[in-house]
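Reproduced below: upload02.cif, with mmCIF, C-alpha atoms and all ligand atoms.
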```
data_protein
loop_
_atom_site.label_atom_id
_atom_site.label_comp_id
_atom_site.auth_asym_id
_atom_site.auth_seq_id
_atom_site.Cartn_x
_atom_site.Cartn_y
_atom_site.Cartn_z
CA MET A 1 216.92 113.97 -163.87
CA ILE A 2 220.36 114.00 -162.22
CA ASN A 3 220.45 115.62 -158.78
CA CYS A 4 216.68 115.52 -158.38
CA ILE A 5 216.00 114.10 -154.91
CA PHE A 6 212.60 112.71 -155.91
CA CYS A 7 214.07 110.94 -158.97
CA LYS A 8 216.63 109.42 -156.59
CA ILE A 9 213.80 108.28 -154.31
CA VAL A 10 211.96 106.67 -157.26
CA LYS A 11 215.15 104.84 -158.30
CA GLY A 12 215.80 103.68 -154.73
CA GLU A 13 219.03 105.70 -154.58
CA ALA A 14 217.67 107.74 -151.67
CA ASN A 15 215.71 106.40 -148.72
CA SER A 16 211.94 106.91 -148.47
CA TRP A 17 208.95 105.62 -146.52
CA LYS A 18 206.60 104.19 -149.13
CA ILE A 19 202.85 104.42 -148.68
CA TYR A 20 201.65 103.24 -152.09
CA GLU A 21 202.79 102.94 -155.70
CA THR A 22 201.65 102.17 -159.22
CA GLU A 23 203.57 101.84 -162.48
CA ASP A 24 203.46 105.63 -162.91
CA ALA A 25 203.22 107.19 -159.47
CA TYR A 26 204.76 106.91 -156.02
CA ALA A 27 203.45 108.01 -152.61
CA PHE A 28 205.75 108.42 -149.61
CA LEU A 29 205.96 110.28 -146.30
CA ASP A 30 207.24 113.86 -146.32
CA ILE A 31 210.57 114.08 -144.46
CA ASN A 32 209.45 117.34 -142.77
CA PRO A 33 205.91 116.40 -141.79
CA ALA A 34 203.46 119.19 -140.93
CA ASN A 35 201.18 116.54 -139.45
CA ARG A 36 201.14 112.75 -138.99
CA TYR A 37 200.93 110.98 -142.38
CA HIS A 38 201.87 114.12 -144.36
CA THR A 39 202.41 112.43 -147.72
CA LEU A 40 203.84 113.34 -151.11
CA VAL A 41 202.58 111.83 -154.37
CA ILE A 42 204.82 112.14 -157.41
CA PRO A 43 205.01 110.86 -160.99
CA LYS A 44 207.81 108.31 -161.37
CA LYS A 45 209.02 110.19 -164.44
CA HIS A 46 210.54 113.60 -163.89
CA TYR A 47 208.27 116.56 -164.57
CA THR A 48 208.96 119.96 -163.04
CA ASN A 49 205.41 120.90 -162.16
CA ILE A 50 201.85 121.39 -163.46
CA PHE A 51 203.12 123.20 -166.56
CA ASP A 52 205.08 120.38 -168.18
CA ILE A 53 203.32 117.20 -167.06
CA PRO A 54 201.04 115.69 -169.76
CA GLU A 55 197.39 115.30 -168.76
CA LYS A 56 197.49 111.50 -168.85
CA GLU A 57 200.46 111.32 -166.50
CA LEU A 58 198.83 113.87 -164.21
CA SER A 59 195.75 111.67 -164.05
CA ALA A 60 197.90 108.74 -162.97
CA VAL A 61 199.23 110.89 -160.12
CA THR A 62 195.85 112.23 -158.98
CA THR A 63 194.45 108.69 -159.05
CA VAL A 64 197.08 107.79 -156.46
CA VAL A 65 196.26 110.93 -154.44
CA LYS A 66 192.68 109.65 -154.24
CA LYS A 67 193.83 106.09 -153.32
CA VAL A 68 195.98 107.33 -150.48
CA CYS A 69 193.19 109.57 -149.10
CA LYS A 70 190.81 106.59 -149.14
CA LEU A 71 193.46 104.40 -147.48
CA TYR A 72 193.86 106.95 -144.67
CA GLU A 73 190.11 107.24 -144.31
CA GLU A 74 189.59 103.48 -144.15
CA LYS A 75 192.61 102.52 -142.02
CA LEU A 76 193.02 105.60 -139.83
CA GLY A 77 189.59 107.23 -139.80
CA ILE A 78 191.03 110.42 -141.29
CA SER A 79 188.23 112.57 -142.71
CA ASN A 80 189.96 115.97 -143.05
CA ILE A 81 192.71 116.41 -145.64
CA GLN A 82 194.30 119.30 -147.53
CA ILE A 83 195.77 118.59 -150.97
CA ILE A 84 198.34 121.13 -152.07
CA SER A 85 200.63 121.37 -155.09
CA ASN A 86 203.05 124.26 -155.63
CA SER A 87 204.24 125.04 -159.18
CA GLY A 88 207.09 127.56 -159.49
CA ALA A 89 209.49 129.12 -157.01
CA GLU A 90 207.25 132.15 -156.43
CA ALA A 91 204.42 129.75 -155.64
CA GLN A 92 206.60 128.24 -152.89
CA GLN A 93 207.76 125.19 -154.84
CA GLU A 94 211.05 124.02 -153.37
CA VAL A 95 211.53 120.61 -154.97
CA PHE A 96 211.22 120.90 -158.73
CA HIS A 97 209.73 117.48 -159.39
CA LEU A 98 205.95 117.71 -159.46
CA HIS A 99 204.31 116.60 -156.23
CA PHE A 100 201.02 116.76 -154.41
CA HIS A 101 201.04 117.17 -150.66
CA ILE A 102 198.41 115.18 -148.79
CA LEU A 103 198.07 116.85 -145.42
CA PRO A 104 195.72 115.22 -142.92
CA ARG A 105 194.14 117.81 -140.64
CA LYS A 106 192.36 117.72 -137.32
CA ARG A 107 190.97 120.25 -134.90
CA GLY A 108 193.63 121.79 -132.71
CA ASP A 109 196.56 120.51 -134.77
CA GLY A 110 198.15 123.96 -134.72
CA GLN A 111 198.28 124.31 -138.53
CA ASN A 112 196.62 127.18 -140.38
CA LEU A 113 196.94 127.41 -144.15
CA ARG A 114 195.22 130.71 -144.87
CA TRP A 115 195.92 133.41 -147.48
CA ILE A 116 195.39 137.14 -147.52
CA THR A 117 192.26 137.92 -149.57
CA HIS A 118 191.34 140.93 -151.77
CA PRO A 119 187.55 141.16 -152.10
CA GLU A 120 188.01 144.61 -153.72
CA TRP A 121 189.35 142.85 -156.83
CA VAL A 122 185.92 141.44 -157.64
CA GLN A 123 185.37 144.66 -159.62
CA ASP A 124 188.11 143.53 -162.06
CA PHE A 125 186.67 140.08 -162.77
CA ASP A 126 185.02 140.99 -166.10
CA ARG A 127 188.27 142.56 -167.41
CA MET A 128 190.29 139.60 -166.15
CA ILE A 129 188.08 137.12 -168.00
CA GLU A 130 188.28 139.28 -171.14
CA LYS A 131 192.05 138.74 -171.22
CA LEU A 132 191.57 135.01 -171.61
CA LYS A 133 189.71 135.36 -174.90
P1 LIG A 201 207.36 122.08 -151.92
O1 LIG A 201 207.68 123.27 -151.05
O2 LIG A 201 208.29 121.98 -153.10
O3 LIG A 201 205.91 122.01 -152.28
O4 LIG A 201 207.57 120.84 -150.98
C1 LIG A 201 208.68 119.99 -151.03
C2 LIG A 201 208.50 118.98 -149.94
O5 LIG A 201 209.44 117.95 -150.13
C3 LIG A 201 208.75 119.56 -148.52
O6 LIG A 201 207.58 119.38 -147.73
C4 LIG A 201 209.91 118.74 -148.01
O7 LIG A 201 209.81 118.42 -146.64
C5 LIG A 201 209.89 117.50 -148.87
N1 LIG A 201 211.18 116.87 -149.07
C6 LIG A 201 212.32 117.50 -149.46
N2 LIG A 201 213.33 116.61 -149.55
C7 LIG A 201 212.80 115.40 -149.20
C8 LIG A 201 213.36 114.10 -149.09
O8 LIG A 201 214.54 113.86 -149.32
N3 LIG A 201 212.52 113.11 -148.70
C9 LIG A 201 211.20 113.34 -148.43
N4 LIG A 201 210.48 112.30 -148.06
N5 LIG A 201 210.65 114.56 -148.53
C10 LIG A 201 211.44 115.58 -148.91
ZN ZN A 202 212.90 114.30 -160.56
#
```

Please re-express this file's structure in structure tokens.
Ligand code: 5GP
Ligand code: ZN
Amino acid sequence: MINCIFCKIVKGEANSWKIYETEDAYAFLDINPANRYHTLVIPKKHYTNIFDIPEKELSAVTTVVKKVCKLYEEKLGISNIQIISNSGAEAQQEVFHLHFHILPRKRGDGQNLRWITHPEWVQDFDRMIEKLK
């Protein structure tokens, strides 16, 4: 995909700090890290997000997510990690090449990824599930 920064990174046309790669997926450090070792894992082929990536290719990406988490556990002793993937502009996706964030966490790191909850919506659950039939 022309003008996709992550495609440029895969092709070596833009600089990146590689953590790990396979034939299908690439892991590298996020340029705006929220914590040390904040990492992105992407498919080498261009897919916009969760909606267009085929299951097999997604598996290749999540396999690398797991590898990188284990690498950080084994080499760095990291045992707290958030894995986040945004699909769509209204879901806060900014780079439209599918990616998983691996965000190592530790007590007192100053981060707080919390959302506003609506427990009153539990009363709608049966109707919500009905819509999926
Ligand atoms: P999103 O909001 O789409 O889930 O996250 C996009 C992420 O890509 C951001 O965390 C941002 O810092 C990162 N990013 C954007 N451009 C570059 C780049 O050129 N290199 C690297 N390594 N990360 C980038
Ligand atoms: Zn791309």

Write out as a PDB file with C-alpha atoms, in the frame of the given file which residues come within 6 Å of Ser87 of chain A when counting only C-alpha atoms, dropping same-chain ones fewer than 3 positions away.
```pdb
ATOM      1  CA  ASN A  49     205.410 120.900-162.160  1.00  0.00           C
ATOM      2  CA  ALA A  91     204.420 129.750-155.640  1.00  0.00           C
ATOM      3  CA  GLN A  93     207.760 125.190-154.840  1.00  0.00           C
TER       4      GLN A  93
END
```

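Between atom CA of Lys75 of chain A and atom CA of Lys11 of chain A the separation is 27.9 Å.
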
Can you list every residue of chain A that has an atom at most 6 Å from ligand ZN 202 (chain A), with its nearest atom pair and the distance in Å to one decimal, using all atoms listed in the file, ordered by chain then number, as a tab-separated table?
```
residue	atom	partner	partner_atom	distance
A:Met1	CA	A:ZN202	ZN	5.2
A:Cys4	CA	A:ZN202	ZN	4.5
A:Phe6	CA	A:ZN202	ZN	4.9
A:Cys7	CA	A:ZN202	ZN	3.9
A:His46	CA	A:ZN202	ZN	4.1
A:His97	CA	A:ZN202	ZN	4.6
```

Protein and nucleic residues near ligand LIG 201 (chain A), 10 Å, all atoms listed in the file, as a ChimeraX atom specification: /A:4-6,8-9,14-18,27-34,38-40,49,84-89,91-101

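In this model, the gap between atom CA of Pro43 of chain A and atom CA of Glu21 of chain A comes to 9.8 Å.
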
What are the closest atom pairs, with distances in Å to one decimal, for all residues of segment 33-82 of chain A lying within 12 Å of segment 112-126 of chain A? Consider all atoms listed in the file, order rows by chain and residue number, and present the result as JSON lines.
```
{"residue": "A:Ala34", "atom": "CA", "partner": "A:Asn112", "partner_atom": "CA", "distance": 10.5}
{"residue": "A:Asn35", "atom": "CA", "partner": "A:Asn112", "partner_atom": "CA", "distance": 11.6}
{"residue": "A:Ile81", "atom": "CA", "partner": "A:Leu113", "partner_atom": "CA", "distance": 11.9}
{"residue": "A:Gln82", "atom": "CA", "partner": "A:Leu113", "partner_atom": "CA", "distance": 9.2}
```

Long-range neighbours of Asn80 of chain A as a list in words, 10 Å cut-off, only C-alpha atoms, 5 positions minimum in chain: Cys69, Tyr72, Glu73, Leu103, Pro104, Arg105, Lys106 and Arg107 of chain A

Residue nearest Ala60 of chain A among A:Met128, A:Ile102, A:Val41, A:Ile2 (counting all atoms listed in the file): A:Val41

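Of the listed residues (A:Asp52, A:Ile129, A:Val68, A:Asp109), A:Val68 comes nearest to Ile19 of chain A; the distances count only C-alpha atoms.
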
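Between atom CA of Tyr20 of chain A and atom CA of Val65 of chain A the interatomic distance comes to 9.7 Å.
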
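Between Thr22 of chain A and the residues A:Ile42, A:Leu132, A:Ile78, A:Leu71, the shortest atom-to-atom distance, using only C-alpha atoms, involves A:Ile42.
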
Polymer residues at most 12 Å from Lys56 of chain A, only C-alpha atoms, same-chain spacing of 5 or more positions, as a VMD selection string: chain A and resid 24 to 25 43 61 to 63
